[in-house]
Amino acid sequence: MAGHAGRSAGTATSAPRVSTEPLAVRCVLIGLALAFLFLFLIAPVVMVFSQALGKGVAAYLAAVTDPEAMAALRLTLIVAAIVVPINLIFGLAAAWAITKFRFPGKNLLITLIDLPFAISPVVSGLIFVLLFGARGLAGPWLEAAGWKVIFAVPGIVISTLFVTAPFIARELIPLMQAQGAEEEEAAMILGASGWQTFWRVTLPKIKWGLLYGVILCNARAMGEFGAVSVVSGHIRGITNTLPLHVEILYNEYNFTGAFAVSSLLALLALVTLIAKSLVEWRSNHNPPDRREKR
Amino acid sequence: MSIQVQNVVKRFGSFSALHDVSLEIPEGKLVALLGPSGSGKTTLLRVIAGLEAHDGGTVLFDGRNAAYRHPRDRRVGFVFQHYALFQHSTVFENIAFGLRVRPRAQRPSENEIQRRVQEMLDLVQLGGLADRYPTQLSGGQRQRVALARALAIEPRILLLDEPFGALDAKVREELRRWLRRLHEQMEITTVLVTHDQEEALEVADQVVIMNRGRIEQVGTPEEVYDSPVNPFVYNFLGAVNIFRGRLADGKLQVGGLELDAPEHSGRAEEPAFGCVRPHDLVVSRDGHGMPVLVKNIHVIGPWVRLELRRPDTGEPLEAELPKESYRDLGVSVDEMVFVTPRKFRVFLEGQTG
């Protein structure tokens, strides 16, 4: 007993000595971080907007409201609107299966979910060309049925789905693993059906994590270039998404147009970032969501 | 409702959590499952609740096989060690949960729900806290909310998984007395899992001692404490002194002591040992019994614990006596005293558990 008390007293006296770095070291570290931030994040964004507005507001508006740019914006939003809900359901189902059940092949499933992160987007695009393209595996059959996947909107949706599949599942799996299944068990014993348990117990527990995953998924769905570029065929006004449209304009030396359309993408990204910070702030300031540590 | 557990087997992969466990839990009783961690007590509780599927045997509720009933239809109240309260819901909504999720035809009206939740809150003495969130409550209050939530569905069995394990000693003691009173009031068949001997002995009508997936002994708190059937139970239910010696003609010979063991009479001479609780060891200075050396003296409130050592073998012993007897005895450290067991049990060597 006495030995124990002595030890804790020793810890108490050493506690106030919080280690701090010398001022010079702190300045260098903070300076480096800020310089990096400015060089690689702030400067490019400022550059995009200044270039976009470089020939005046009228030229900017003309470039943005160009029918082809509007079509690209519309297509980008449509793709995101299809991809995000599907990935939401997939992410929920995968996280649920992985965290609530014991089954063989679980680790394989986790690895497979990460696959789209591991392979280059261009390669994922090529996979779908090889699968659904005219000379691909399912190509002749699709052609006979009158469905056009590659160089059309379905191909863009499918490849975006593939590339963005891990975002929501990856966000939810660690969260749900940490939360455990006790509240769900309690709900079941109290008589709740699986559906009631999901809506009343699980969803409120994971909603902020889920929303965060949705935002990241949405950001990537709108910004995806590589995979979409391979399957889209770059048909102006039809299969061009915003990132592809930017590239075309740039290659045509239409810098004002390219930067103007880029500014649209940058704006979407900024909105996403603000939404993401809001979600983070909310989930940190919402004590009932934070399960205390055991 | 009574519960019968018959030859239940449960395995997790290659690990066997329950070996052929059979147990009778009579209607209206409070039964404690007591054992060290990994003894299978929580697994048995979860099997009864239906949270864990067993690999063999049957669980009967009132003589009817429970396996055909989904956990949500078993009308079981379950209280988790870490409360498992719904963090995003208020105390009121936590307690109302079991009523709100009922199929529409059986769901009570909003007024009835209000009334029932209020009744439960009064029962667990948390009347004014209906609008709080679980994180705004102390551990003891949370566990009472969990209990109110379990009781709100009018369960026929109440299962408690180490309900007070995460609380500090004083709150734990208060809550377990309160639980006992509540049990006497409601008379629901209750199974309590605990690793705290004191808790089990104080609260339960019947104590079930488990070890490594098996039941070692079932009995009233007095029975298991006073007549442990084997050394494991002896050891688990409190401190114990071991006297190793040789058994012959129903008597155990240990360094000058002779302990009667009529239950072992008629056996050939063999090694055996006697188990004696520290407070059943009589300490004197009159030359009767086994000579031992006093190594240390601890005064713990009204009790005095003597750390002793046998000079012949060097084995440590422990004796506990009331402070008054200690004063009358007047011993000090490094003095020689004599001990004789007042009560003991003799086990054969190799009979471990």
# chains A, B, ... in the order shown; residues from 1 in each chain; ligands from 1

call {"tool": "residues_around", "arguments": {"residues": "A:Val201", "least_positions_apart": "2", "cutoff": "9 Å", "atoms": "only C-alpha atoms", "output": "count of residues only"}}
result
13

call {"tool": "residues_around", "arguments": {"residues": "stretch 277-287 of chain B", "least_positions_apart": "5", "cutoff": "6 Å", "atoms": "only C-alpha atoms", "output": "number ranges by chain"}}
result
B: 240, 318-320, 337-343

call {"tool": "write_last_selection", "arguments": {"atoms": "N, CA, C and O atoms", "output": "PDB file, in the first residue's frame"}}
result
ATOM      1  N   VAL B 240      -7.441 -18.962   2.375  1.00  0.00           N
ATOM      2  CA  VAL B 240      -7.421 -20.305   2.937  1.00  0.00           C
ATOM      3  C   VAL B 240      -5.980 -20.706   3.249  1.00  0.00           C
ATOM      4  O   VAL B 240      -5.050 -20.307   2.554  1.00  0.00           O
ATOM      5  N   GLU B 318      -1.911 -17.765   7.635  1.00  0.00           N
ATOM      6  CA  GLU B 318      -2.567 -16.514   7.953  1.00  0.00           C
ATOM      7  C   GLU B 318      -3.663 -16.785   8.967  1.00  0.00           C
ATOM      8  O   GLU B 318      -4.401 -17.766   8.824  1.00  0.00           O
ATOM      9  N   ALA B 319      -3.762 -15.945  10.002  1.00  0.00           N
ATOM     10  CA  ALA B 319      -4.846 -16.098  10.968  1.00  0.00           C
ATOM     11  C   ALA B 319      -5.522 -14.760  11.143  1.00  0.00           C
ATOM     12  O   ALA B 319      -4.875 -13.709  11.034  1.00  0.00           O
ATOM     13  N   GLU B 320      -6.848 -14.797  11.356  1.00  0.00           N
ATOM     14  CA  GLU B 320      -7.581 -13.562  11.598  1.00  0.00           C
ATOM     15  C   GLU B 320      -8.317 -13.688  12.915  1.00  0.00           C
ATOM     16  O   GLU B 320      -8.955 -14.715  13.168  1.00  0.00           O
ATOM     17  N   VAL B 337       3.903 -18.624  18.601  1.00  0.00           N
ATOM     18  CA  VAL B 337       2.558 -18.913  19.118  1.00  0.00           C
ATOM     19  C   VAL B 337       2.144 -20.298  18.621  1.00  0.00           C
ATOM     20  O   VAL B 337       2.878 -20.941  17.860  1.00  0.00           O
ATOM     21  N   PHE B 338       0.955 -20.750  19.021  1.00  0.00           N
ATOM     22  CA  PHE B 338       0.475 -22.072  18.609  1.00  0.00           C
ATOM     23  C   PHE B 338      -0.887 -21.935  17.946  1.00  0.00           C
ATOM     24  O   PHE B 338      -1.724 -21.153  18.389  1.00  0.00           O
ATOM     25  N   VAL B 339      -1.072 -22.675  16.846  1.00  0.00           N
ATOM     26  CA  VAL B 339      -2.368 -22.598  16.157  1.00  0.00           C
ATOM     27  C   VAL B 339      -3.029 -23.966  16.091  1.00  0.00           C
ATOM     28  O   VAL B 339      -2.358 -24.988  15.928  1.00  0.00           O
ATOM     29  N   THR B 340      -4.363 -23.965  16.229  1.00  0.00           N
ATOM     30  CA  THR B 340      -5.164 -25.172  15.997  1.00  0.00           C
ATOM     31  C   THR B 340      -6.371 -24.777  15.161  1.00  0.00           C
ATOM     32  O   THR B 340      -6.959 -23.727  15.399  1.00  0.00           O
ATOM     33  N   PRO B 341      -6.721 -25.598  14.164  1.00  0.00           N
ATOM     34  CA  PRO B 341      -7.896 -25.257  13.365  1.00  0.00           C
ATOM     35  C   PRO B 341      -9.177 -25.564  14.124  1.00  0.00           C
ATOM     36  O   PRO B 341      -9.305 -26.616  14.739  1.00  0.00           O
ATOM     37  N   ARG B 342     -10.109 -24.615  14.045  1.00  0.00           N
ATOM     38  CA  ARG B 342     -11.416 -24.805  14.660  1.00  0.00           C
ATOM     39  C   ARG B 342     -12.294 -25.589  13.687  1.00  0.00           C
ATOM     40  O   ARG B 342     -13.047 -26.458  14.066  1.00  0.00           O
ATOM     41  N   LYS B 343     -12.179 -25.259  12.412  1.00  0.00           N
ATOM     42  CA  LYS B 343     -12.973 -25.906  11.376  1.00  0.00           C
ATOM     43  C   LYS B 343     -12.060 -26.148  10.187  1.00  0.00           C
ATOM     44  O   LYS B 343     -11.230 -25.300   9.876  1.00  0.00           O
TER      45      LYS B 343
END

call {"tool": "residues_around", "arguments": {"residues": "B:Ile25", "least_positions_apart": "2", "cutoff": "7 Å", "atoms": "only C-alpha atoms", "output": "short mmCIF file (atom, residue, chain, number, x, y, z; two decimals) with C-alpha atoms, in the first residue's frame"}}
result
data_model
loop_
_atom_site.label_atom_id
_atom_site.label_comp_id
_atom_site.auth_asym_id
_atom_site.auth_seq_id
_atom_site.Cartn_x
_atom_site.Cartn_y
_atom_site.Cartn_z
CA SER B 2 -38.14 -21.10 -13.85
CA ILE B 3 -35.12 -21.86 -16.00
CA GLN B 4 -33.59 -25.26 -16.62
CA LEU B 23 -28.45 -26.00 -13.73
CA GLU B 27 -38.99 -19.47 -10.03
#

call {"tool": "residues_around", "arguments": {"residues": "B:Glu202", "least_positions_apart": "6", "cutoff": "9 Å", "atoms": "only C-alpha atoms", "output": "VMD selection string"}}
result
chain B and resid 176 to 177 180 221

call {"tool": "residues_around", "arguments": {"residues": "B:Thr189", "least_positions_apart": "4", "cutoff": "10 Å", "atoms": "only C-alpha atoms", "output": "number ranges by chain"}}
result
B: 1-3, 25-31, 155-159, 183

call {"tool": "write_last_selection", "arguments": {"atoms": "C-alpha atoms", "output": "PDB file, in the first residue's frame"}}
result
ATOM      1  CA  MET B   1     -40.568 -18.296 -14.606  1.00  0.00           C
ATOM      2  CA  SER B   2     -38.141 -21.096 -13.853  1.00  0.00           C
ATOM      3  CA  ILE B   3     -35.119 -21.856 -16.001  1.00  0.00           C
ATOM      4  CA  ILE B  25     -33.003 -21.948 -11.476  1.00  0.00           C
ATOM      5  CA  PRO B  26     -36.215 -21.970  -9.484  1.00  0.00           C
ATOM      6  CA  GLU B  27     -38.989 -19.466 -10.028  1.00  0.00           C
ATOM      7  CA  GLY B  28     -38.656 -16.174  -8.175  1.00  0.00           C
ATOM      8  CA  LYS B  29     -35.160 -16.789  -6.825  1.00  0.00           C
ATOM      9  CA  LEU B  30     -32.051 -14.647  -7.171  1.00  0.00           C
ATOM     10  CA  VAL B  31     -29.200 -16.836  -8.326  1.00  0.00           C
ATOM     11  CA  PRO B 155     -39.715  -9.372 -18.166  1.00  0.00           C
ATOM     12  CA  ARG B 156     -40.290 -12.825 -16.779  1.00  0.00           C
ATOM     13  CA  ILE B 157     -36.574 -13.280 -16.175  1.00  0.00           C
ATOM     14  CA  LEU B 158     -34.006 -10.666 -15.248  1.00  0.00           C
ATOM     15  CA  LEU B 159     -30.405 -11.325 -16.296  1.00  0.00           C
ATOM     16  CA  HIS B 183     -35.966  -8.388  -5.933  1.00  0.00           C
TER      17      HIS B 183
END

call {"tool": "select_by_dssp", "arguments": {"residues": "stretch 4-167 of chain B", "states": "alpha helix (DSSP H)", "output": "PyMOL selection string"}}
result
chain B and resi 41-49+91-100+110-123+139-152

call {"tool": "atom_distance", "arguments": {"atom1": "atom CA of A:Val84", "atom2": "atom CA of A:Ala169"}}
result
12.1 Å

call {"tool": "select_by_dssp", "arguments": {"residues": "stretch 176-301 of chain B", "states": "strand (DSSP E or B)", "output": "PyMOL selection string"}}
result
chain B and resi 189-194+206-211+214-219+241-248+251-254+257-260+270-276+281-284+290-300

call {"tool": "closest_residue", "arguments": {"among": "B:Ile153, B:Arg115, B:Val191, B:His54", "to": "B:Arg74", "atoms": "only C-alpha atoms"}}
result
B:Ile153

call {"tool": "interface_residues", "arguments": {"of": "chain B", "to": "chain A", "cutoff": "8 Å", "atoms": "only C-alpha atoms", "output": "JSON, numbers by chain"}}
result
{"B": [49, 51, 71, 72, 73, 74, 75, 76, 77, 78, 80, 82, 84, 85, 86, 87, 88, 89, 97, 98, 101, 102, 133, 134, 135, 150, 153]}

call {"tool": "write_last_selection", "arguments": {"atoms": "C-alpha atoms", "output": "PDB file, in the first residue's frame"}}
result
ATOM      1  CA  ALA B  49     -30.787 -14.723 -22.962  1.00  0.00           C
ATOM      2  CA  LEU B  51     -27.618 -13.722 -27.353  1.00  0.00           C
ATOM      3  CA  PRO B  71     -34.400 -13.388 -28.046  1.00  0.00           C
ATOM      4  CA  ARG B  72     -36.844 -10.556 -28.708  1.00  0.00           C
ATOM      5  CA  ASP B  73     -39.762 -12.849 -27.913  1.00  0.00           C
ATOM      6  CA  ARG B  74     -38.292 -14.306 -24.742  1.00  0.00           C
ATOM      7  CA  ARG B  75     -39.407 -11.446 -22.485  1.00  0.00           C
ATOM      8  CA  VAL B  76     -36.020 -11.352 -20.831  1.00  0.00           C
ATOM      9  CA  GLY B  77     -34.610  -8.284 -19.122  1.00  0.00           C
ATOM     10  CA  PHE B  78     -30.862  -8.014 -19.659  1.00  0.00           C
ATOM     11  CA  PHE B  80     -25.055  -5.199 -19.409  1.00  0.00           C
ATOM     12  CA  HIS B  82     -21.225  -1.363 -19.417  1.00  0.00           C
ATOM     13  CA  ALA B  84     -25.341  -0.334 -23.152  1.00  0.00           C
ATOM     14  CA  LEU B  85     -27.650   2.648 -22.843  1.00  0.00           C
ATOM     15  CA  PHE B  86     -28.666   4.335 -26.077  1.00  0.00           C
ATOM     16  CA  GLN B  87     -26.294   7.280 -25.950  1.00  0.00           C
ATOM     17  CA  HIS B  88     -28.287   9.507 -28.279  1.00  0.00           C
ATOM     18  CA  SER B  89     -31.565   9.075 -26.379  1.00  0.00           C
ATOM     19  CA  PHE B  97     -37.688   1.911 -25.977  1.00  0.00           C
ATOM     20  CA  GLY B  98     -39.007  -1.569 -25.261  1.00  0.00           C
ATOM     21  CA  VAL B 101     -40.815  -0.962 -30.578  1.00  0.00           C
ATOM     22  CA  ARG B 102     -43.744  -3.286 -29.956  1.00  0.00           C
ATOM     23  CA  TYR B 133     -28.687  12.000 -21.578  1.00  0.00           C
ATOM     24  CA  PRO B 134     -26.740   8.945 -20.378  1.00  0.00           C
ATOM     25  CA  THR B 135     -23.425  10.836 -20.549  1.00  0.00           C
ATOM     26  CA  ALA B 150     -34.970  -3.836 -18.683  1.00  0.00           C
ATOM     27  CA  ILE B 153     -41.010  -4.552 -20.635  1.00  0.00           C
TER      28      ILE B 153
END

call {"tool": "atom_distance", "arguments": {"atom1": "atom CA of B:Leu167", "atom2": "atom CA of B:Ala200"}}
result
15.8 Å

call {"tool": "closest_residue", "arguments": {"among": "A:Ala59, A:Val261, A:Ala152, A:Cys217", "to": "A:Ala80", "atoms": "only C-alpha atoms"}}
result
A:Cys217

call {"tool": "closest_residue", "arguments": {"among": "A:Pro121, A:Gly226, A:Pro243, A:Gly209", "to": "A:Ser283", "atoms": "only C-alpha atoms"}}
result
A:Gly209

call {"tool": "closest_residue", "arguments": {"among": "A:Gly223, A:Gly125, A:Pro174, A:Pro44", "to": "A:Ile156", "atoms": "only C-alpha atoms"}}
result
A:Gly125

call {"tool": "residues_around", "arguments": {"residues": "B:Ile95", "least_positions_apart": "5", "cutoff": "8 Å", "atoms": "only C-alpha atoms", "output": "ChimeraX atom specification"}}
result
/B:117,120,145-146,148-150,152

call {"tool": "write_last_selection", "arguments": {"atoms": "all heavy atoms", "output": "PDB file, in the first residue's frame"}}
result
ATOM      1  N   VAL B 117     -43.124   4.719 -17.809  1.00  0.00           N
ATOM      2  CA  VAL B 117     -41.745   5.192 -17.663  1.00  0.00           C
ATOM      3  C   VAL B 117     -41.597   5.913 -16.327  1.00  0.00           C
ATOM      4  O   VAL B 117     -40.612   5.711 -15.600  1.00  0.00           O
ATOM      5  CB  VAL B 117     -41.351   6.103 -18.842  1.00  0.00           C
ATOM      6  CG1 VAL B 117     -39.991   6.740 -18.586  1.00  0.00           C
ATOM      7  CG2 VAL B 117     -41.326   5.308 -20.136  1.00  0.00           C
ATOM      8  N   MET B 120     -41.310   3.439 -13.625  1.00  0.00           N
ATOM      9  CA  MET B 120     -39.972   2.835 -13.602  1.00  0.00           C
ATOM     10  C   MET B 120     -38.950   3.804 -13.003  1.00  0.00           C
ATOM     11  O   MET B 120     -38.084   3.411 -12.227  1.00  0.00           O
ATOM     12  CB  MET B 120     -39.531   2.469 -15.024  1.00  0.00           C
ATOM     13  CG  MET B 120     -40.222   1.269 -15.599  1.00  0.00           C
ATOM     14  SD  MET B 120     -39.928  -0.182 -14.558  1.00  0.00           S
ATOM     15  CE  MET B 120     -41.581  -0.706 -14.285  1.00  0.00           C
ATOM     16  N   VAL B 145     -30.708   3.251 -14.715  1.00  0.00           N
ATOM     17  CA  VAL B 145     -31.503   3.472 -15.929  1.00  0.00           C
ATOM     18  C   VAL B 145     -31.566   2.171 -16.733  1.00  0.00           C
ATOM     19  O   VAL B 145     -32.620   1.771 -17.222  1.00  0.00           O
ATOM     20  CB  VAL B 145     -30.909   4.603 -16.793  1.00  0.00           C
ATOM     21  CG1 VAL B 145     -31.639   4.708 -18.121  1.00  0.00           C
ATOM     22  CG2 VAL B 145     -30.968   5.924 -16.048  1.00  0.00           C
ATOM     23  N   ALA B 146     -30.414   1.507 -16.835  1.00  0.00           N
ATOM     24  CA  ALA B 146     -30.381   0.247 -17.591  1.00  0.00           C
ATOM     25  C   ALA B 146     -31.338  -0.766 -16.964  1.00  0.00           C
ATOM     26  O   ALA B 146     -32.036  -1.504 -17.665  1.00  0.00           O
ATOM     27  CB  ALA B 146     -28.964  -0.312 -17.625  1.00  0.00           C
ATOM     28  N   ALA B 148     -34.029  -0.026 -15.140  1.00  0.00           N
ATOM     29  CA  ALA B 148     -35.393   0.435 -15.385  1.00  0.00           C
ATOM     30  C   ALA B 148     -35.810   0.084 -16.811  1.00  0.00           C
ATOM     31  O   ALA B 148     -36.941  -0.354 -17.057  1.00  0.00           O
ATOM     32  CB  ALA B 148     -35.480   1.940 -15.172  1.00  0.00           C
ATOM     33  N   ARG B 149     -34.877   0.235 -17.765  1.00  0.00           N
ATOM     34  CA  ARG B 149     -35.181  -0.079 -19.161  1.00  0.00           C
ATOM     35  C   ARG B 149     -35.509  -1.560 -19.313  1.00  0.00           C
ATOM     36  O   ARG B 149     -36.432  -1.933 -20.014  1.00  0.00           O
ATOM     37  CB  ARG B 149     -33.970   0.296 -20.030  1.00  0.00           C
ATOM     38  CG  ARG B 149     -34.171   0.045 -21.487  1.00  0.00           C
ATOM     39  CD  ARG B 149     -32.960   0.466 -22.292  1.00  0.00           C
ATOM     40  NE  ARG B 149     -31.823  -0.406 -22.046  1.00  0.00           N
ATOM     41  CZ  ARG B 149     -30.664  -0.298 -22.684  1.00  0.00           C
ATOM     42  NH1 ARG B 149     -30.488   0.651 -23.580  1.00  0.00           N
ATOM     43  NH2 ARG B 149     -29.679  -1.124 -22.427  1.00  0.00           N
ATOM     44  N   ALA B 150     -34.736  -2.399 -18.597  1.00  0.00           N
ATOM     45  CA  ALA B 150     -34.970  -3.836 -18.683  1.00  0.00           C
ATOM     46  C   ALA B 150     -36.296  -4.216 -18.027  1.00  0.00           C
ATOM     47  O   ALA B 150     -36.996  -5.113 -18.500  1.00  0.00           O
ATOM     48  CB  ALA B 150     -33.814  -4.593 -18.029  1.00  0.00           C
ATOM     49  N   ALA B 152     -38.963  -2.301 -17.718  1.00  0.00           N
ATOM     50  CA  ALA B 152     -40.133  -1.661 -18.311  1.00  0.00           C
ATOM     51  C   ALA B 152     -40.930  -2.619 -19.195  1.00  0.00           C
ATOM     52  O   ALA B 152     -42.133  -2.451 -19.379  1.00  0.00           O
ATOM     53  CB  ALA B 152     -39.707  -0.443 -19.123  1.00  0.00           C
TER      54      ALA B 152
END

call {"tool": "atom_distance", "arguments": {"atom1": "atom CA of A:Phe103", "atom2": "atom CA of A:Phe90"}}
result
18.1 Å

call {"tool": "decode", "arguments": {"residues": "stretch 117-141 of chain A", "atoms": "C-alpha atoms", "output": "mmCIF file, in the first residue's frame"}}
result
data_model
loop_
_atom_site.group_PDB
_atom_site.id
_atom_site.type_symbol
_atom_site.label_atom_id
_atom_site.label_comp_id
_atom_site.auth_asym_id
_atom_site.auth_seq_id
_atom_site.Cartn_x
_atom_site.Cartn_y
_atom_site.Cartn_z
ATOM 1 C CA PHE A 117 -7.647 2.636 -53.451
ATOM 2 C CA ALA A 118 -4.752 0.412 -54.393
ATOM 3 C CA ILE A 119 -5.034 0.400 -58.168
ATOM 4 C CA SER A 120 -4.571 3.390 -60.435
ATOM 5 C CA PRO A 121 -7.856 4.965 -61.621
ATOM 6 C CA VAL A 122 -6.705 4.632 -65.228
ATOM 7 C CA VAL A 123 -6.407 0.897 -64.737
ATOM 8 C CA SER A 124 -9.889 0.733 -63.208
ATOM 9 C CA GLY A 125 -11.216 2.566 -66.247
ATOM 10 C CA LEU A 126 -9.463 0.094 -68.535
ATOM 11 C CA ILE A 127 -10.988 -2.823 -66.618
ATOM 12 C CA PHE A 128 -14.446 -1.596 -67.561
ATOM 13 C CA VAL A 129 -13.465 -0.994 -71.178
ATOM 14 C CA LEU A 130 -12.233 -4.580 -71.314
ATOM 15 C CA LEU A 131 -15.448 -5.794 -69.690
ATOM 16 C CA PHE A 132 -18.101 -3.752 -71.422
ATOM 17 C CA GLY A 133 -16.338 -2.274 -74.484
ATOM 18 C CA ALA A 134 -17.205 -3.262 -78.071
ATOM 19 C CA ARG A 135 -14.473 -5.887 -78.095
ATOM 20 C CA GLY A 136 -14.764 -6.621 -74.398
ATOM 21 C CA LEU A 137 -16.142 -9.674 -72.624
ATOM 22 C CA ALA A 138 -19.741 -8.534 -72.314
ATOM 23 C CA GLY A 139 -19.541 -6.077 -75.243
ATOM 24 C CA PRO A 140 -21.255 -8.074 -78.010
ATOM 25 C CA TRP A 141 -24.029 -9.111 -75.669
#
